[in-house]
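This is work.cif. It holds mmCIF, C-alpha atoms.
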data_upload
#
loop_
_atom_site.label_atom_id
_atom_site.label_comp_id
_atom_site.auth_asym_id
_atom_site.auth_seq_id
_atom_site.Cartn_x
_atom_site.Cartn_y
_atom_site.Cartn_z
CA MET V 1 56.97 37.77 5.66
CA ALA V 2 53.93 38.01 7.89
CA ASP V 3 52.19 41.32 8.59
CA LYS V 4 51.13 40.36 12.06
CA LEU V 5 52.43 38.38 14.99
CA VAL V 6 50.70 36.70 17.89
CA VAL V 7 52.48 36.53 21.23
CA THR V 8 51.17 33.99 23.75
CA PHE V 9 51.83 33.63 27.46
CA GLY V 10 51.86 31.04 30.18
CA SER V 11 49.26 32.83 32.26
CA THR V 12 46.62 35.54 32.05
CA HIS V 13 48.58 37.70 34.48
CA GLN V 14 51.67 37.56 32.30
CA ALA V 15 49.59 38.50 29.26
CA LEU V 16 48.16 41.52 31.06
CA LYS V 17 51.61 42.55 32.30
CA ALA V 18 52.93 42.32 28.76
CA GLU V 19 49.97 44.38 27.55
CA ASP V 20 50.97 47.19 29.93
CA ILE V 21 54.57 47.09 28.76
CA PHE V 22 53.60 47.03 25.06
CA LYS V 23 51.34 50.01 25.74
CA GLU V 24 54.22 51.92 27.36
CA LEU V 25 56.37 51.13 24.34
CA GLN V 26 53.55 52.45 22.12
CA LEU V 27 53.51 49.34 19.98
CA ASP V 28 50.58 48.85 17.59
CA PHE V 29 48.83 45.82 19.06
CA GLU V 30 45.57 44.39 20.37
CA LEU V 31 44.65 42.16 23.29
CA ILE V 32 42.83 39.15 21.83
CA PRO V 33 41.71 35.71 22.98
CA ILE V 34 44.29 33.04 22.08
CA PRO V 35 43.40 31.88 18.54
CA ARG V 36 41.85 28.41 18.58
CA GLU V 37 44.45 27.24 16.07
CA ILE V 38 47.21 27.90 18.59
CA SER V 39 45.63 26.57 21.75
CA ALA V 40 42.32 25.15 22.84
CA GLU V 41 42.88 26.67 26.25
CA CYS V 42 41.24 29.91 27.19
CA GLY V 43 43.65 32.79 27.54
CA PHE V 44 44.77 36.16 26.25
CA ALA V 45 47.34 36.80 23.57
CA LEU V 46 48.69 39.95 21.98
CA LEU V 47 48.16 40.52 18.26
CA VAL V 48 50.98 42.78 17.11
CA ASN V 49 50.78 44.75 13.85
CA TYR V 50 54.46 44.31 13.16
CA ASN V 51 56.38 41.84 11.05
CA ASP V 52 59.80 41.66 12.68
CA THR V 53 59.60 38.55 14.82
CA ALA V 54 63.19 38.74 16.04
CA GLU V 55 62.73 42.34 17.11
CA ILE V 56 59.62 41.50 19.15
CA LYS V 57 61.45 38.63 20.80
CA LYS V 58 64.32 40.96 21.66
CA THR V 59 61.88 43.47 23.16
CA CYS V 60 60.22 40.76 25.27
CA ASP V 61 63.57 39.48 26.51
CA LYS V 62 64.78 42.96 27.34
CA LYS V 63 61.60 43.80 29.25
CA LYS V 64 61.62 40.38 30.93
CA ILE V 65 58.23 39.46 29.43
CA ARG V 66 57.76 35.72 29.83
CA PHE V 67 56.00 34.65 26.65
CA SER V 68 55.22 31.06 25.72
CA GLY V 69 55.28 31.54 21.97
CA ILE V 70 55.60 34.03 19.12
CA TYR V 71 53.69 33.13 15.97
CA GLU V 72 53.60 34.67 12.52
CA ILE V 73 50.20 34.75 10.88
CA GLN V 74 50.46 33.28 7.40
CA ILE V 75 47.70 33.22 4.82
CA ASN V 76 47.73 30.19 2.55
CA ASP V 77 44.94 29.77 -0.01
CA GLY V 78 42.84 32.17 2.03
CA GLU V 79 43.30 30.02 5.14
CA LYS V 80 44.91 31.61 8.16
CA TYR V 81 47.55 29.59 9.93
CA TYR V 82 50.06 30.32 12.65
CA GLU V 83 53.70 29.47 12.32
CA LYS V 84 55.61 29.26 15.58
CA TYR V 85 58.95 31.02 15.61
CA TYR V 86 59.89 31.11 19.27
CA MET M 1 10.94 36.54 -10.68
CA LYS M 2 9.28 39.22 -8.63
CA ASN M 3 8.25 38.86 -5.02
CA ILE M 4 5.81 41.15 -3.23
CA ILE M 5 5.83 41.39 0.55
CA ASP M 6 2.85 43.06 2.13
CA VAL M 7 3.68 44.19 5.67
CA ARG M 8 0.89 46.74 5.99
CA LYS M 9 -1.12 46.72 9.22
CA LEU M 10 1.70 44.90 11.01
CA ASP M 11 3.24 46.25 14.19
CA CYS M 12 6.95 46.88 14.63
CA PRO M 13 9.17 44.81 14.32
CA LYS M 14 7.06 42.44 12.15
CA PRO M 15 7.64 44.39 8.90
CA VAL M 16 11.40 44.02 9.36
CA ILE M 17 11.21 40.38 10.42
CA ASN M 18 8.97 39.41 7.49
CA THR M 19 11.19 41.24 5.00
CA LYS M 20 14.29 39.57 6.43
CA LYS M 21 12.68 36.13 6.25
CA ALA M 22 11.68 36.68 2.62
CA LEU M 23 15.20 37.83 1.73
CA GLU M 24 16.77 34.85 3.43
CA ALA M 25 14.44 32.49 1.60
CA GLY M 26 15.49 34.17 -1.68
CA GLY M 27 14.41 32.84 -5.07
CA PHE M 28 13.56 36.18 -6.70
CA ASP M 29 15.42 38.95 -8.48
CA LYS M 30 13.04 41.83 -7.80
CA LEU M 31 11.28 42.68 -4.59
CA GLU M 32 8.46 45.05 -3.69
CA ILE M 33 7.69 45.75 -0.06
CA LEU M 34 4.41 47.42 0.86
CA VAL M 35 4.41 49.38 4.11
CA ASP M 36 1.83 51.75 5.55
CA ASN M 37 3.84 54.01 7.83
CA ILE M 38 7.07 55.99 7.90
CA ALA M 39 8.64 54.04 10.78
CA ALA M 40 8.18 50.74 8.94
CA ARG M 41 9.50 52.32 5.73
CA ASP M 42 12.62 53.53 7.54
CA ASN M 43 13.19 50.31 9.48
CA VAL M 44 12.82 48.14 6.38
CA SER M 45 15.09 50.50 4.40
CA SER M 46 17.71 50.26 7.12
CA LEU M 47 17.52 46.45 7.01
CA LEU M 48 17.97 46.46 3.22
CA HIS M 49 20.96 48.75 3.60
CA LYS M 50 22.45 46.43 6.21
CA MET M 51 21.97 43.46 3.92
CA ASN M 52 23.87 45.27 1.18
CA LEU M 53 20.82 45.80 -1.03
CA ASP M 54 20.16 49.02 -2.92
CA ILE M 55 16.69 50.52 -2.92
CA ALA M 56 15.76 51.31 -6.53
CA ARG M 57 12.95 53.68 -5.52
CA VAL M 58 10.27 54.33 -2.95
CA VAL M 59 6.82 55.33 -4.19
CA GLU M 60 4.29 56.97 -1.90
CA ALA M 61 0.55 56.84 -2.44
CA LYS M 62 -2.14 57.76 0.07
CA GLY M 63 0.23 57.49 3.03
CA GLU M 64 1.44 54.05 2.00
CA PHE M 65 4.82 53.26 0.54
CA THR M 66 6.15 50.71 -1.91
CA ILE M 67 9.87 50.00 -1.65
CA TYR M 68 11.34 48.60 -4.87
CA VAL M 69 14.51 46.56 -4.63
CA ASP M 70 16.48 45.16 -7.54
CA VAL M 71 18.12 42.26 -5.74
CA VAL M 72 20.19 40.88 -8.62
CA ASN M 73 21.60 44.22 -9.77
CA SER M 74 22.48 45.52 -6.36
CA LEU M 75 24.22 42.30 -5.39
CA SER M 76 26.21 41.94 -8.61
CA GLU M 77 27.56 45.46 -8.10
CA LYS M 78 28.95 44.56 -4.70
CA GLU M 79 32.38 43.03 -4.35
CA ASN M 80 31.12 40.66 -1.75
CA ASN M 81 28.42 39.28 -4.06
CA LYS M 82 26.44 37.88 -1.19
CA ILE M 83 24.33 39.10 1.65
CA GLU M 84 26.52 39.25 4.71
CA SER M 85 24.92 37.08 7.29
CA LEU M 86 23.67 38.93 10.34
CA GLY M 87 22.93 36.51 13.12
CA GLY M 88 19.87 38.35 14.34
CA GLU M 89 20.96 38.54 17.97
CA THR M 90 20.59 41.66 20.00
CA LEU M 91 23.28 41.95 22.66
CA PHE M 92 22.52 44.00 25.76
CA ILE M 93 25.76 45.32 27.25
CA GLY M 94 25.14 46.90 30.66
CA SER M 95 28.70 47.30 31.87
CA ASP M 96 32.15 48.06 30.53
CA ALA M 97 33.37 44.86 32.19
CA LEU M 98 32.32 41.36 31.13
CA GLY M 99 31.09 39.28 34.05
CA HIS M 100 31.65 39.70 37.77
CA GLY M 101 34.60 38.86 39.99
CA SER M 102 37.28 41.27 38.83
CA VAL M 103 36.64 44.59 37.14
CA GLU M 104 40.16 44.63 35.71
CA LEU M 105 39.74 41.19 34.17
CA GLY M 106 36.18 42.03 33.08
CA LYS M 107 37.41 45.02 31.06
CA LYS M 108 40.06 42.91 29.33
CA LEU M 109 37.49 40.20 28.62
CA MET M 110 35.12 42.79 27.12
CA LYS M 111 37.86 43.99 24.80
CA ALA M 112 38.66 40.43 23.71
CA PHE M 113 34.92 39.76 23.34
CA THR M 114 34.31 42.72 21.01
CA PHE M 115 37.39 41.67 18.99
CA THR M 116 36.05 38.13 18.68
CA LEU M 117 32.57 39.27 17.57
CA ASN M 118 34.29 40.59 14.44
CA GLU M 119 35.92 37.21 13.84
CA LEU M 120 32.71 35.20 13.97
CA ASP M 121 30.84 34.13 10.82
CA ASN M 122 27.55 35.45 12.18
CA LEU M 123 27.52 39.02 13.34
CA PRO M 124 24.98 40.15 15.92
CA GLU M 125 22.29 42.40 14.55
CA ARG M 126 22.36 45.00 17.27
CA LEU M 127 24.32 46.08 20.34
CA LEU M 128 22.53 47.98 23.10
CA PHE M 129 24.79 49.86 25.51
CA MET M 130 23.47 50.97 28.89
CA ASN M 131 24.80 52.14 32.25
CA GLY M 132 28.61 51.58 32.37
CA GLY M 133 28.43 49.85 28.99
CA VAL M 134 28.23 53.25 27.26
CA LYS M 135 31.86 53.87 28.28
CA LEU M 136 32.88 51.32 25.65
CA CYS M 137 31.70 53.70 22.91
CA ILE M 138 33.63 56.83 23.91
CA THR M 139 37.05 58.34 23.25
CA GLY M 140 39.81 56.32 24.86
CA SER M 141 37.82 53.06 25.10
CA ASP M 142 39.92 49.97 24.47
CA SER M 143 37.01 48.37 22.63
CA LEU M 144 36.22 51.37 20.41
CA ASN M 145 37.96 50.07 17.28
CA ASN M 146 36.28 46.68 17.57
CA ILE M 147 32.84 48.28 17.98
CA ARG M 148 33.49 50.66 15.10
CA LYS M 149 34.36 47.70 12.86
CA LEU M 150 31.08 46.04 13.80
CA ALA M 151 29.19 49.24 12.98
CA GLU M 152 30.91 49.49 9.60
CA ARG M 153 29.76 45.96 8.86
CA GLY M 154 26.14 46.89 9.50
CA VAL M 155 25.64 46.09 13.17
CA ASP M 156 23.19 48.56 14.71
CA ILE M 157 24.75 50.32 17.73
CA LEU M 158 22.43 52.05 20.20
CA VAL M 159 23.83 53.96 23.16
CA CYS M 160 21.76 55.10 26.15
CA GLY M 161 21.68 58.91 26.19
CA THR M 162 20.66 59.15 29.85
CA CYS M 163 23.72 57.10 30.77
CA LEU M 164 26.12 59.23 28.69
CA ASP M 165 24.65 62.28 30.39
CA TYR M 166 24.95 60.74 33.86
CA PHE M 167 28.65 60.03 33.39
CA GLY M 168 29.17 63.45 31.74
CA ILE M 169 30.59 61.87 28.60
CA MET M 170 27.96 62.84 26.02
CA ASP M 171 30.55 64.85 24.05
CA LYS M 172 32.98 61.93 24.02
CA LEU M 173 30.67 59.53 22.15
CA GLN M 174 32.53 58.13 19.13
CA ILE M 175 30.28 55.45 17.76
CA GLY M 176 26.59 54.56 17.77
CA LYS M 177 23.27 56.33 17.82
CA ILE M 178 22.15 58.05 21.01
CA SER M 179 19.04 56.23 22.08
CA ASN M 180 16.43 56.27 24.81
CA MET M 181 14.58 53.87 27.08
CA TYR M 182 11.64 53.55 24.66
CA ASP M 183 13.89 52.30 21.86
CA ILE M 184 16.02 50.09 24.07
CA ALA M 185 13.10 48.55 26.00
CA GLY M 186 11.33 48.10 22.66
CA HIS M 187 14.24 46.10 21.26
CA LEU M 188 14.54 44.02 24.44
CA ILE M 189 10.87 43.06 24.14
CA ASP M 190 10.43 42.89 20.35
CA ASP M 191 13.72 41.55 18.98
CA GLU M 192 13.76 37.85 18.21
CA LYS M 193 16.80 36.97 20.29
CA VAL M 194 18.26 39.07 23.09
CA VAL M 195 21.40 38.09 24.97
CA LYS M 196 22.55 39.94 28.06
CA VAL M 197 26.32 40.21 28.08
#

Take the structure I supplied and represent it as structure tokens, if you would.
Amino acid sequence: MADKLVVTFGSTHQALKAEDIFKELQLDFELIPIPREISAECGFALLVNYNDTAEIKKTCDKKKIRFSGIYEIQINDGEKYYEKYY
Amino acid sequence: MKNIIDVRKLDCPKPVINTKKALEAGGFDKLEILVDNIAARDNVSSLLHKMNLDIARVVEAKGEFTIYVDVVNSLSEKENNKIESLGGETLFIGSDALGHGSVELGKKLMKAFTFTLNELDNLPERLLFMNGGVKLCITGSDSLNNIRKLAERGVDILVCGTCLDYFGIMDKLQIGKISNMYDIAGHLIDDEKVVKV
């Protein structure tokens, strides 16, 4: 089980909208640049200190947040990698 | 092997730069640094601290100081077992938003920027906050945690006192040393690499 999730979006505006909603919901998260391992494109993502991927997906669906991916951060041999779940 | 660095009669920031160069070159297990004034003693001590090195003792004689460092012992005691690499850059941050065009976007970019600084292999050596940039260091700032992490890892954080006073947020400062134009202008002129963010 991962400790942290990364949620990505189709556009910067959607990422910022999601940030506002996550803030309202008082989730423990940070606005970060999209990790290079996920996409070479420049954009924002949300790093969520929470390990329940399904629950985060449910929250996004309920709040009509249009994400492009939810990734679990896995550590393998000290190397960080991102496993896509949704 | 012992190495002696004589930085007497050198103007700031040469004593610090020469000490840093010698440490990066390595090849010794004991180090003695000779300085001839208190400012140089303090600046060199602060560099050693940042580089995870313990000062064994400082001996004063006739207004001059010798700083003794046991490089091998202090490093073997640390978990990290290596000198964390500080990149040497000084970043001048004159606004709470990164770039021009949209203030809203600029603030988000600044937050993502301070997060990313922590992810890089080479940390900057110093952050200078001025004008609206000082708002990043106060209660409620989105970037506060990221800047605090940098400070904990040895990055020097200087915040313009005049600016805090102007915005009426002196009492809200959470991280960094309150600094003045002499210090900040000094770093802009003397530091090896300065990048305006």

Rank M:Leu117, M:Leu23, M:Met1, M:Leu47 by their smallest atom-to-atom distance to chain V, using all atoms listed in the file, and report the top residue only.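 Using all atoms listed in the file, the shortest distance to chain V belongs to M:Leu117.
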
Taking the file above as input, evaluate the PyMOL selection byres ((chain V) within 9 of (chain M)) and report the hits as a PDB file with C-alpha atoms, keeping the file's coordinate frame.
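Full text of selection-v3.pdb as output:
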ATOM      1  CA  LEU V  16      48.160  41.520  31.060  1.00  0.00           C
ATOM      2  CA  GLU V  30      45.570  44.390  20.370  1.00  0.00           C
ATOM      3  CA  LEU V  31      44.650  42.160  23.290  1.00  0.00           C
ATOM      4  CA  ILE V  32      42.830  39.150  21.830  1.00  0.00           C
ATOM      5  CA  PRO V  33      41.710  35.710  22.980  1.00  0.00           C
ATOM      6  CA  PHE V  44      44.770  36.160  26.250  1.00  0.00           C
TER       7      PHE V  44
END

For the file shown, what are the residues hit by the PyMOL selection byres ((chain V and resi 72-75) around 9), laid out as a count of residues only? 21

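Distance-wise, CA of Leu25 in chain V and CA of Gly10 in chain V end up 21.4 Å apart.
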
Polymer residues at most 12 Å from His49 in chain M, all atoms listed in the file, same-chain spacing of 3 or more positions, as a ChimeraX atom specification: /M:20,42-46,52-56,69,71,74-75,83-84,152-156

Would you compute an axis-aligned box for range 42-52 of chain V, covering every atom listed for it in the file with 5 Å of margin on each side, and report centre and edge lengths in Å to one decimal as JSON?
{"center_x": 50.5, "center_y": 37.3, "center_z": 19.3, "size_x": 28.6, "size_y": 24.8, "size_z": 26.5}

Shell around Asp20 in chain V at 12 Å using all atoms listed in the file, local window under 6 positions removed, as JSON, numbers by chain: {"V": [13, 14, 26, 27, 29, 30, 31, 46, 63, 65], "M": [108]}

Target residues per the PyMOL selection byres ((chain M and resi 119-134) around 8), formatted as a PyMOL selection string: chain M and resi 85-97+115-118+135-138+150+154-160+163-164+184

Given the choices V:Asp61, V:Val48, V:Gly43, V:Arg36, which gets closest to Phe22 in chain V if the distance is worked out from only C-alpha atoms? V:Val48

Could you jot down the CA of Ile56 in chain V to CA of Val103 in chain M separation for me, Å, one decimal place? 29.3 Å

List as a ChimeraX atom specification the protein and nucleic acid residues near Lys62 in chain M, meaning an atom at most 12 Å away when all atoms listed in the file are counted, but skip any in the same chain fewer than 3 places from it. /M:35-37,59,65-66
